[in-house]
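For reference, work_37.txt is printed below; it contains compact mmCIF, C-alpha atoms.
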```
# COMPACT_ATOMS: atom_id res chain seq x y z
CA MET P 1 -15.66 -2.74 -3.54
CA ILE P 2 -18.36 -0.16 -4.41
CA PRO P 3 -20.85 -2.69 -5.87
CA HIS P 4 -20.35 -4.87 -2.82
CA GLU P 5 -20.85 -1.92 -0.50
CA ARG P 6 -24.09 -1.05 -2.33
CA SER P 7 -25.31 -4.58 -1.65
CA LEU P 8 -24.35 -4.28 2.05
CA VAL P 9 -26.28 -1.03 2.41
CA GLU P 10 -29.34 -2.71 0.88
CA LYS P 11 -28.95 -5.92 2.91
CA TYR P 12 -28.59 -4.14 6.27
CA LYS P 13 -30.92 -1.20 5.68
CA ASP P 14 -32.98 -2.17 8.76
CA GLU P 15 -29.99 -3.02 10.95
CA PRO P 16 -27.72 -0.77 13.04
CA PHE P 17 -25.11 -0.63 10.29
CA ALA P 18 -23.42 2.18 8.39
CA ILE P 19 -20.71 2.60 5.82
CA ILE P 20 -18.54 5.66 6.32
CA GLY P 21 -15.98 6.52 3.69
CA VAL P 22 -12.83 8.56 3.80
CA ASN P 23 -12.56 9.75 0.24
CA SER P 24 -9.12 10.67 -1.07
CA ASP P 25 -10.04 12.04 -4.49
CA THR P 26 -8.82 15.56 -5.19
CA ASP P 27 -11.40 16.78 -7.73
CA LEU P 28 -14.61 17.25 -5.74
CA VAL P 29 -16.79 18.13 -8.72
CA LYS P 30 -15.81 15.03 -10.65
CA THR P 31 -16.09 12.91 -7.50
CA LYS P 32 -19.65 14.06 -6.89
CA GLU P 33 -20.59 13.25 -10.48
CA GLN P 34 -19.13 9.77 -10.12
CA ARG P 35 -20.82 9.37 -6.76
CA ALA P 36 -24.17 9.97 -8.44
CA SER P 37 -23.49 7.69 -11.40
CA THR P 38 -22.26 4.81 -9.21
CA GLN P 39 -24.98 5.29 -6.58
CA VAL P 40 -22.69 5.79 -3.65
CA THR P 41 -25.34 6.75 -1.12
CA TRP P 42 -23.22 6.54 2.01
CA ARG P 43 -21.43 9.45 3.59
CA SER P 44 -17.72 10.10 3.24
CA PHE P 45 -15.30 12.37 4.98
CA TRP P 46 -13.18 14.22 2.46
CA ASN P 47 -9.43 13.74 2.93
CA GLY P 48 -8.78 17.21 1.49
CA PRO P 49 -6.99 18.65 -1.53
CA LYS P 50 -3.80 16.66 -0.92
CA GLY P 51 -5.60 13.47 -1.89
CA THR P 52 -3.95 10.31 -0.61
CA SER P 53 -1.51 12.46 1.40
CA GLY P 54 -4.39 14.20 3.18
CA PRO P 55 -4.71 14.61 6.96
CA ILE P 56 -7.11 11.76 7.80
CA SER P 57 -5.31 8.99 5.92
CA SER P 58 -1.97 10.29 7.23
CA GLU P 59 -3.24 10.30 10.81
CA TRP P 60 -4.51 6.76 10.34
CA GLY P 61 -1.28 5.69 8.64
CA VAL P 62 -3.08 4.49 5.52
CA THR P 63 -0.69 3.66 2.71
CA GLY P 64 -2.78 1.25 0.60
CA TRP P 65 -6.20 1.66 -0.96
CA PRO P 66 -8.73 0.49 -0.11
CA THR P 67 -8.01 0.17 3.60
CA ILE P 68 -10.95 -1.19 5.56
CA TYR P 69 -11.69 -0.91 9.26
CA ILE P 70 -14.78 -2.43 10.86
CA LEU P 71 -15.91 -0.96 14.17
CA ASP P 72 -18.37 -2.48 16.61
CA THR P 73 -21.23 -0.46 18.11
CA LYS P 74 -18.90 0.92 20.78
CA GLY P 75 -16.37 2.18 18.24
CA VAL P 76 -13.84 -0.57 18.95
CA ILE P 77 -11.73 -1.67 15.97
CA ARG P 78 -12.57 -5.31 15.32
CA TYR P 79 -11.21 -5.79 11.83
CA LYS P 80 -8.71 -4.04 9.63
CA SER P 81 -7.20 -4.85 6.28
CA VAL P 82 -5.48 -3.37 3.29
CA GLY P 83 -7.39 -4.59 0.28
CA ALA P 84 -10.93 -5.92 0.42
CA ASN P 85 -11.60 -9.55 1.24
CA GLU P 86 -15.37 -9.44 0.82
CA GLU P 87 -16.01 -12.78 2.49
CA LEU P 88 -14.12 -11.85 5.65
CA ILE P 89 -15.74 -8.42 5.69
CA ASP P 90 -19.23 -9.96 5.41
CA ARG P 91 -18.53 -12.48 8.14
CA THR P 92 -17.20 -9.80 10.50
CA ILE P 93 -20.24 -7.56 9.97
CA GLU P 94 -22.57 -10.51 10.59
CA GLU P 95 -20.74 -11.40 13.81
CA LEU P 96 -20.76 -7.84 15.10
CA LEU P 97 -24.45 -7.31 14.32
CA ALA P 98 -25.27 -10.57 16.12
CA GLU P 99 -23.16 -9.44 19.07
CA ALA P 100 -25.00 -6.10 19.16
CA LYS P 101 -28.38 -7.84 19.09
CA LYS P 102 -27.36 -10.16 21.88
CA ALA P 103 -26.12 -7.27 24.00
CA ALA P 104 -29.36 -5.35 23.37
CA SER P 105 -31.53 -8.33 24.34
CA GLU P 106 -29.52 -8.79 27.53
CA GLY P 107 -30.16 -5.14 28.30
CA LYS P 108 -26.48 -4.14 28.29
CA MET U 1 -3.01 3.47 -7.08
CA SER U 2 -3.95 3.60 -10.76
CA LYS U 3 -7.37 2.50 -11.86
CA LEU U 4 -5.75 -0.19 -13.94
CA ALA U 5 -3.87 -1.53 -10.96
CA SER U 6 -6.89 -1.36 -8.70
CA ARG U 7 -9.11 -3.16 -11.17
CA ARG U 8 -6.52 -5.81 -11.67
CA SER U 9 -5.97 -6.23 -7.97
CA SER U 10 -9.71 -6.50 -7.39
CA ILE U 11 -9.54 -9.72 -9.36
CA VAL U 12 -7.06 -11.18 -6.94
CA ALA U 13 -8.71 -9.37 -4.05
CA PHE U 14 -7.24 -10.97 -1.02
CA ALA U 15 -5.93 -9.21 2.02
CA LEU U 16 -2.69 -11.15 2.23
CA SER U 17 -1.52 -10.22 -1.23
CA ALA U 18 -2.80 -6.68 -1.09
CA VAL U 19 -0.75 -5.95 2.00
CA ILE U 20 2.41 -6.58 0.03
CA ALA U 21 1.37 -3.93 -2.48
CA THR U 22 1.15 -1.06 0.00
CA SER U 23 3.38 1.84 -0.68
CA GLY U 24 6.94 2.03 0.51
CA LEU U 25 9.82 4.21 1.25
CA ALA U 26 11.10 4.98 -2.21
CA GLY U 27 11.60 8.65 -2.89
CA ALA U 28 13.66 11.00 -4.92
CA GLN U 29 17.19 11.60 -3.75
CA SER U 30 18.69 15.04 -3.80
CA PRO U 31 21.45 15.38 -6.39
CA ALA U 32 25.08 15.17 -5.40
CA THR U 33 26.72 18.51 -4.74
CA ASN U 34 30.31 17.74 -5.73
CA PRO U 35 32.22 20.48 -7.55
CA PRO U 36 31.73 20.22 -11.32
CA SER U 37 34.36 18.24 -13.17
CA ALA U 38 34.62 16.15 -16.29
CA LYS U 39 33.82 13.09 -14.20
CA THR U 40 30.63 14.49 -12.64
CA ASP U 41 29.53 15.89 -16.01
CA ALA U 42 29.85 12.42 -17.49
CA VAL U 43 27.87 10.89 -14.63
CA ALA U 44 25.21 13.56 -15.01
CA ALA U 45 24.93 12.79 -18.71
CA ARG U 46 24.53 9.10 -17.95
CA ILE U 47 21.89 9.84 -15.30
CA ALA U 48 20.01 11.89 -17.90
CA ARG U 49 20.05 8.89 -20.23
CA VAL U 50 18.48 6.74 -17.48
CA ALA U 51 15.85 9.45 -16.96
CA ASP U 52 15.03 9.26 -20.68
CA LEU U 53 14.53 5.51 -20.42
CA GLU U 54 12.25 6.01 -17.42
CA LYS U 55 10.24 8.60 -19.32
CA GLU U 56 9.84 6.27 -22.28
CA PHE U 57 8.70 3.52 -19.93
CA THR U 58 6.22 5.73 -18.06
CA GLU U 59 4.66 7.11 -21.23
CA ALA U 60 4.21 3.67 -22.77
CA SER U 61 2.75 2.37 -19.49
CA LYS U 62 0.27 5.23 -19.46
CA ALA U 63 -0.75 4.49 -23.06
CA GLU U 64 -1.15 0.83 -22.11
CA SER U 65 -3.39 1.70 -19.14
CA LYS U 66 -5.46 4.03 -21.29
CA ALA U 67 -6.00 1.36 -23.95
CA PHE U 68 -6.93 -1.11 -21.21
CA GLU U 69 -9.46 1.29 -19.68
CA GLU U 70 -10.93 2.13 -23.07
CA ALA U 71 -11.32 -1.55 -23.92
CA LEU U 72 -13.25 -2.09 -20.68
CA GLY U 73 -15.34 1.05 -21.11
CA ALA U 74 -17.91 1.63 -18.37
CA ASN U 75 -17.90 -2.03 -17.37
CA GLU U 76 -17.47 -1.93 -13.59
CA ASN U 77 -17.49 -5.65 -12.98
CA PRO U 78 -15.59 -7.25 -15.85
CA THR U 79 -15.27 -11.01 -16.05
CA ARG U 80 -11.86 -12.62 -16.22
CA GLU U 81 -12.36 -13.13 -19.99
CA GLN U 82 -13.19 -9.47 -20.50
CA LEU U 83 -10.11 -8.48 -18.54
CA THR U 84 -7.94 -10.78 -20.64
CA ALA U 85 -9.41 -9.35 -23.84
CA ALA U 86 -8.75 -5.80 -22.61
CA GLU U 87 -5.19 -6.76 -21.78
CA GLU U 88 -4.71 -8.13 -25.28
CA LYS U 89 -5.91 -4.84 -26.75
CA SER U 90 -3.58 -2.84 -24.56
CA LYS U 91 -0.48 -4.98 -25.26
CA PRO U 92 0.62 -3.19 -28.46
CA PHE U 93 1.01 0.00 -26.38
CA ALA U 94 3.07 -1.65 -23.65
CA PRO U 95 6.70 -0.60 -23.03
CA ASP U 96 9.32 -2.51 -25.03
CA ARG U 97 10.89 -4.07 -21.96
CA ALA U 98 13.63 -5.99 -23.78
CA SER U 99 14.88 -2.91 -25.57
CA LEU U 100 14.71 -0.74 -22.46
CA GLN U 101 16.57 -3.36 -20.47
CA ALA U 102 19.30 -3.67 -23.08
CA ARG U 103 19.85 0.07 -23.01
CA ALA U 104 19.83 0.20 -19.20
CA ARG U 105 22.39 -2.60 -19.10
CA ALA U 106 24.60 -0.75 -21.56
CA ILE U 107 24.62 2.26 -19.24
CA VAL U 108 25.60 0.04 -16.29
CA ALA U 109 28.36 -1.62 -18.32
CA GLU U 110 30.04 1.74 -19.01
CA ASP U 111 30.76 2.22 -15.30
CA PRO U 112 29.10 -0.31 -12.99
CA ALA U 113 29.96 1.58 -9.79
CA ASP U 114 28.78 5.16 -10.28
CA ALA U 115 25.46 6.81 -9.34
CA ALA U 116 24.10 6.47 -12.88
CA ALA U 117 24.67 2.71 -12.80
CA LEU U 118 22.68 2.44 -9.57
CA LYS U 119 19.81 4.34 -11.17
CA ALA U 120 19.97 2.13 -14.24
CA ILE U 121 19.88 -0.98 -12.04
CA GLU U 122 16.99 0.42 -10.01
CA PHE U 123 15.10 1.14 -13.22
CA GLN U 124 15.48 -2.48 -14.32
CA PHE U 125 13.40 -3.61 -11.31
CA LYS U 126 10.45 -2.18 -13.24
CA LEU U 127 11.29 -4.33 -16.23
CA VAL U 128 12.11 -7.80 -14.94
CA TYR U 129 9.95 -10.06 -12.82
CA GLU U 130 11.77 -13.39 -12.85
CA PRO U 131 13.21 -13.96 -9.36
CA ALA U 132 16.61 -14.98 -10.77
CA ASP U 133 16.80 -11.79 -12.86
CA ARG U 134 15.86 -9.65 -9.88
CA GLN U 135 18.44 -11.41 -7.71
CA ALA U 136 21.06 -10.69 -10.38
CA LEU U 137 20.24 -6.98 -10.02
CA VAL U 138 20.67 -7.25 -6.25
CA ASP U 139 24.06 -8.92 -6.83
CA GLN U 140 25.18 -5.87 -8.78
CA ILE U 141 23.99 -3.55 -6.01
CA GLU U 142 25.74 -5.58 -3.31
CA GLU U 143 28.96 -5.65 -5.26
CA HIS U 144 29.22 -2.02 -6.29
CA HIS U 145 26.83 0.18 -4.31
CA ARG U 146 26.79 -0.93 -0.69
CA ASN U 147 28.34 2.37 0.40
CA SER U 148 26.13 4.54 -1.78
CA VAL U 149 23.90 7.11 -0.09
CA ALA U 150 21.21 6.62 -2.75
CA ILE U 151 20.71 2.99 -1.76
CA GLY U 152 18.51 4.12 1.16
CA ASP U 153 15.51 4.55 -1.09
CA LEU U 154 15.99 1.04 -2.43
CA CYS U 155 15.88 -0.66 0.96
CA ARG U 156 12.22 -1.53 0.80
CA GLN U 157 12.63 -3.22 -2.54
CA LEU U 158 15.76 -5.00 -1.32
CA MET U 159 13.93 -6.17 1.78
CA SER U 160 11.69 -8.47 -0.23
CA LEU U 161 14.62 -9.75 -2.29
CA ARG U 162 17.51 -10.07 0.17
CA PRO U 163 16.59 -9.14 3.74
CA LYS U 164 20.05 -10.05 5.08
CA PHE U 165 21.62 -7.35 2.95
CA VAL U 166 19.19 -4.75 4.36
CA THR U 167 20.07 -5.84 7.89
CA GLU U 168 23.72 -5.41 6.98
CA LEU U 169 23.02 -1.92 5.61
CA SER U 170 21.15 -0.99 8.80
CA GLU U 171 24.31 -1.81 10.77
CA LYS U 172 27.20 -0.97 8.48
CA SER U 173 26.27 1.71 5.97
CA PRO U 174 28.46 4.79 6.40
CA HIS U 175 25.36 6.98 5.91
CA ALA U 176 22.90 7.58 8.76
CA SER U 177 20.10 8.09 6.22
CA VAL U 178 20.72 4.63 4.74
CA ARG U 179 20.85 2.98 8.18
CA GLY U 180 17.57 4.70 9.11
CA LYS U 181 15.80 3.79 5.91
CA ALA U 182 17.05 0.21 6.18
CA LEU U 183 15.55 -0.02 9.67
CA ALA U 184 12.28 1.45 8.37
CA ALA U 185 12.18 -1.18 5.62
CA ILE U 186 12.80 -3.92 8.19
CA LEU U 187 10.01 -2.48 10.31
CA ASP U 188 7.61 -2.41 7.35
CA ALA U 189 8.35 -6.05 6.61
CA LYS U 190 7.78 -7.04 10.24
CA ARG U 191 4.46 -5.21 10.22
CA ALA U 192 3.40 -6.95 7.01
CA VAL U 193 4.16 -10.31 8.65
CA VAL U 194 1.95 -9.40 11.62
CA THR U 195 -0.88 -8.25 9.35
CA ASN U 196 -0.63 -11.43 7.30
CA ALA U 197 -0.59 -13.56 10.44
CA GLU U 198 -3.67 -11.78 11.79
CA SER U 199 -5.50 -12.31 8.48
CA LEU U 200 -4.52 -15.96 8.24
CA LYS U 201 -5.56 -16.71 11.81
CA LYS U 202 -9.06 -15.45 11.00
CA LEU U 203 -9.58 -17.95 8.20
CA SER U 204 -11.11 -21.39 8.60
CA GLY U 205 -12.24 -24.40 6.58
CA ASP U 206 -11.69 -24.41 2.82
CA GLU U 207 -10.55 -20.82 2.74
CA LEU U 208 -7.77 -21.59 5.21
CA GLU U 209 -6.66 -24.68 3.29
CA GLN U 210 -6.59 -22.82 -0.03
CA THR U 211 -4.61 -19.97 1.46
CA LYS U 212 -2.15 -22.36 3.08
CA GLN U 213 -1.56 -23.92 -0.30
CA ARG U 214 -1.02 -20.56 -1.90
CA LEU U 215 1.44 -19.45 0.78
CA GLY U 216 3.26 -22.76 1.13
CA ALA U 217 3.26 -25.03 4.16
CA GLU U 218 6.33 -23.56 5.79
CA ARG U 219 5.28 -19.92 5.54
CA SER U 220 1.73 -20.72 6.69
CA ALA U 221 3.01 -22.59 9.73
CA THR U 222 5.29 -19.68 10.67
CA LEU U 223 2.45 -17.17 10.33
CA LEU U 224 -0.01 -19.30 12.29
CA ALA U 225 2.52 -19.79 15.09
CA LEU U 226 3.47 -16.12 15.31
CA ASP U 227 3.07 -14.52 18.74
CA VAL U 228 1.41 -11.32 17.53
CA ALA U 229 1.67 -9.47 20.83
CA ALA U 230 5.40 -10.20 21.13
CA ALA U 231 5.98 -9.25 17.49
CA ASN U 232 4.14 -5.96 18.05
CA ARG U 233 6.26 -5.18 21.11
CA GLU U 234 9.39 -5.76 19.05
CA ILE U 235 8.03 -3.52 16.28
CA LEU U 236 7.24 -0.80 18.79
CA GLU U 237 10.80 -0.91 20.12
CA LEU U 238 12.15 -0.61 16.61
CA CYS U 239 9.86 2.38 15.96
CA GLU U 240 11.13 4.07 19.07
CA ARG U 241 14.72 3.45 18.05
CA ILE U 242 14.12 4.97 14.61
CA ALA U 243 12.34 7.97 16.15
CA LYS U 244 15.26 8.48 18.55
CA ASP U 245 18.27 7.91 16.27
CA TYR U 246 17.08 8.84 12.79
CA ALA U 247 14.36 11.46 13.32
CA GLU U 248 15.90 13.94 10.87
CA VAL U 249 16.27 11.58 7.90
CA SER U 250 14.15 12.84 5.03
CA LEU U 251 11.64 10.53 3.33
CA TYR U 252 9.95 10.94 -0.07
CA ALA U 253 12.02 14.08 -0.64
CA GLY U 254 10.61 16.33 -3.35
CA THR U 255 7.16 14.72 -3.36
CA PRO U 256 3.87 15.79 -1.73
CA ARG U 257 4.40 13.02 0.81
CA GLU U 258 7.72 14.44 1.97
CA THR U 259 8.29 13.74 5.64
CA THR U 260 10.98 12.63 8.06
CA LEU U 261 11.67 9.26 9.61
CA GLY U 262 10.82 10.86 12.97
CA ALA U 263 7.31 11.80 11.82
CA TRP U 264 6.93 8.49 10.00
CA ALA U 265 7.90 6.52 13.10
CA LYS U 266 5.44 8.55 15.20
CA THR U 267 2.63 7.57 12.81
CA GLN U 268 3.67 3.94 13.13
CA ILE U 269 3.68 4.18 16.93
CA HIS U 270 0.25 5.83 16.82
CA GLN U 271 -1.01 2.99 14.63
CA LEU U 272 0.34 0.32 16.94
CA LYS U 273 -0.90 1.94 20.13
CA ASP U 274 -4.18 3.54 19.05
CA LEU U 275 -5.29 1.87 15.82
CA ALA U 276 -4.75 -1.80 16.61
CA LEU U 277 -7.51 -4.37 16.90
CA GLY U 278 -9.31 -3.83 20.19
CA CYS U 279 -8.67 -0.07 20.40
CA VAL U 280 -11.50 2.45 20.46
CA THR U 281 -10.98 4.47 17.28
CA PRO U 282 -9.60 7.95 17.43
CA GLU U 283 -12.18 10.59 16.49
CA ILE U 284 -12.47 11.80 12.93
CA GLU U 285 -14.07 15.20 12.58
CA ALA U 286 -14.09 16.68 9.09
CA VAL U 287 -16.33 17.77 6.25
CA ASP U 288 -18.14 15.34 3.99
CA LEU U 289 -18.06 15.59 0.18
CA ASP U 290 -20.78 18.25 0.34
CA GLY U 291 -18.88 20.38 2.82
CA VAL U 292 -20.95 19.43 5.88
CA ASN U 293 -19.03 18.77 9.07
CA PHE U 294 -19.57 15.48 10.93
CA LYS U 295 -17.89 13.08 13.34
CA LEU U 296 -17.14 9.39 13.26
CA SER U 297 -18.50 9.11 16.81
CA ASP U 298 -21.93 10.27 15.52
CA TYR U 299 -22.24 6.64 14.41
CA ARG U 300 -21.68 4.97 17.79
CA GLY U 301 -24.41 2.38 18.28
CA ARG U 302 -23.95 1.09 14.77
CA VAL U 303 -21.53 -1.39 13.26
CA VAL U 304 -19.42 0.81 10.98
CA LEU U 305 -17.49 -0.19 7.90
CA LEU U 306 -14.90 2.55 7.55
CA ASP U 307 -13.52 2.53 4.02
CA PHE U 308 -10.53 4.60 2.87
CA TRP U 309 -11.40 4.87 -0.80
CA GLY U 310 -11.38 6.94 -3.96
CA PHE U 311 -12.58 6.79 -7.56
CA TRP U 312 -9.11 7.91 -8.76
```
Could you show the structure in this file as structure tokens?
Amino acid sequence: MIPHERSLVEKYKDEPFAIIGVNSDTDLVKTKEQRASTQVTWRSFWNGPKGTSGPISSEWGVTGWPTIYILDTKGVIRYKSVGANEELIDRTIEELLAEAKKAASEGK
Amino acid sequence: MSKLASRRSSIVAFALSAVIATSGLAGAQSPATNPPSAKTDAVAARIARVADLEKEFTEASKAESKAFEEALGANENPTREQLTAAEEKSKPFAPDRASLQARARAIVAEDPADAAALKAIEFQFKLVYEPADRQALVDQIEEHHRNSVAIGDLCRQLMSLRPKFVTELSEKSPHASVRGKALAAILDAKRAVVTNAESLKKLSGDELEQTKQRLGAERSATLLALDVAAANREILELCERIAKDYAEVSLYAGTPRETTLGAWAKTQIHQLKDLALGCVTPEIEAVDLDGVNFKLSDYRGRVVLLDFWGFW
């Protein structure tokens, strides 16, 4: 998923789009090294020292990794999946960006 | 999830199959507290032998994963051929499944009905993949262990193999913990069906046709026809029943994920009511990887891809 996310960041750099991670690694030092080497430029919440049992993933009931949510500009959940179906993810982002543009042009 | 597993699953990356792989309700069971006797000593010795088999299996699996990772090196996007080659290189380190199975069976044969036998049967689920072989293991469980308290942690596994038996356990097991865990396994399966239906309904064109073929005509038709709202109402009722009747049942005992069915059911209810499609997300406020606090709502006005991830 990381290479695909890199391409999304590049593709939508001029659009109202962001990737936000919830990272469930436990070793922060190692994670930051890997973040640099894999060019993960987007921001992530840290799920804390308990890793995959940490507070954010527990609150969100996440039991499989990766779990993906896509939110529209109002913060409404429009897509969710366990596992990453890149085609569906791309299509959803396209649709939501188009929807946002339309709403903006209609002055909503 | 191990890196090996995640890399492999990325090859078959598809939401429908990945859903099935999400974690379940298995957890360690606290040991029996009967007074010591020759009988319990013998069972304990047999359980220790199963534990040895599990250790052998785990260590070989780790060695296999390591060899696989080393063969791939820093290659982040391996081709199918490269993956196959890496698998070939890791094969010599793989567990000797036939030998492990023979030894597990020998333990079962000594006394098919005691706690050690159940553990030896459970262990064999890691070794055999053929549906007929897995069904044969379920036969043994049905015959000898339906009144066992340890069967609770097997319910999720049994759900995919013989759902009727899990329904029966949820009604007739003499142990509240087993009835509760059986209901939780039923609930998990119902939720997976809803998730799969939602994913399938989003597809169109070639992608839909290919997926229908993969799932089979009958299963696809059932999923496409599912009334998601009604199914979710039913799931919510089941959650509330678990939270009411089985709140104290312990889950994942002895692990960092230890919780109770009550807390687990509350999370499920929260998911259904607050984290479903169409809901405004709950706030997340926490530190980023550099220790700086921020909020999910800081990103309102943008389309956000929220990814629960890790390098592992």
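The neighbours of Gly51 of chain P here are the residues that come within 12 Å of it, using all atoms listed in the file and leaving out any residue fewer than 6 positions away in the same chain; they are Val22, Asn23, Ser24, Asp25, Thr26, Asp27, Leu28, Thr31, Phe45, Ser57, Ser58, Val62, Thr63 and Trp65 of chain P; Met1, Pro256, Arg257, Phe308, Trp309, Gly310, Phe311 and Trp312 of chain U.
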Residue list for chain P near chain U as a VMD selection string, 7 Å, only C-alpha atoms: chain P and resid 16 to 25 43 to 46 53 59 to 61 63 to 79 81 to 85 96 to 97
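Restricting the calculation to all atoms listed in the file, the smallest distance between Lys201 of chain U and any of U:Leu137, U:Leu223, U:Val166, U:Ile242 is found for U:Leu223.
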Set up a box along x, y and z of the file covering all listed atoms of segment 58-74 of chain P, add 5 Å on every one of the six sides, and write the centre and edge lengths in Å to one decimal, as AutoDock Vina command-line options.
```
--center_x -11.0 --center_y 3.9 --center_z 9.9 --size_x 30.5 --size_y 22.8 --size_z 31.7
```
Two-atom distance - atom CA of Ala243 of chain U, atom CA of Gly262 of chain U (Å): 4.6 Å
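A straight line drawn from atom CA of Ala113 of chain U to atom CA of Leu183 of chain U is 24.3 Å long.
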Residue neighbourhood Arg241 of chain U, 12 Å, all atoms listed in the file, exclusion window fewer than 4 positions, as a PyMOL selection string: chain U and resi 179-180+183-184+187+234-237+245-247+261-262+265-266+269
Separation of atom CA of Cys155 of chain U from atom CA of Ala182 of chain U in Å: 5.4 Å
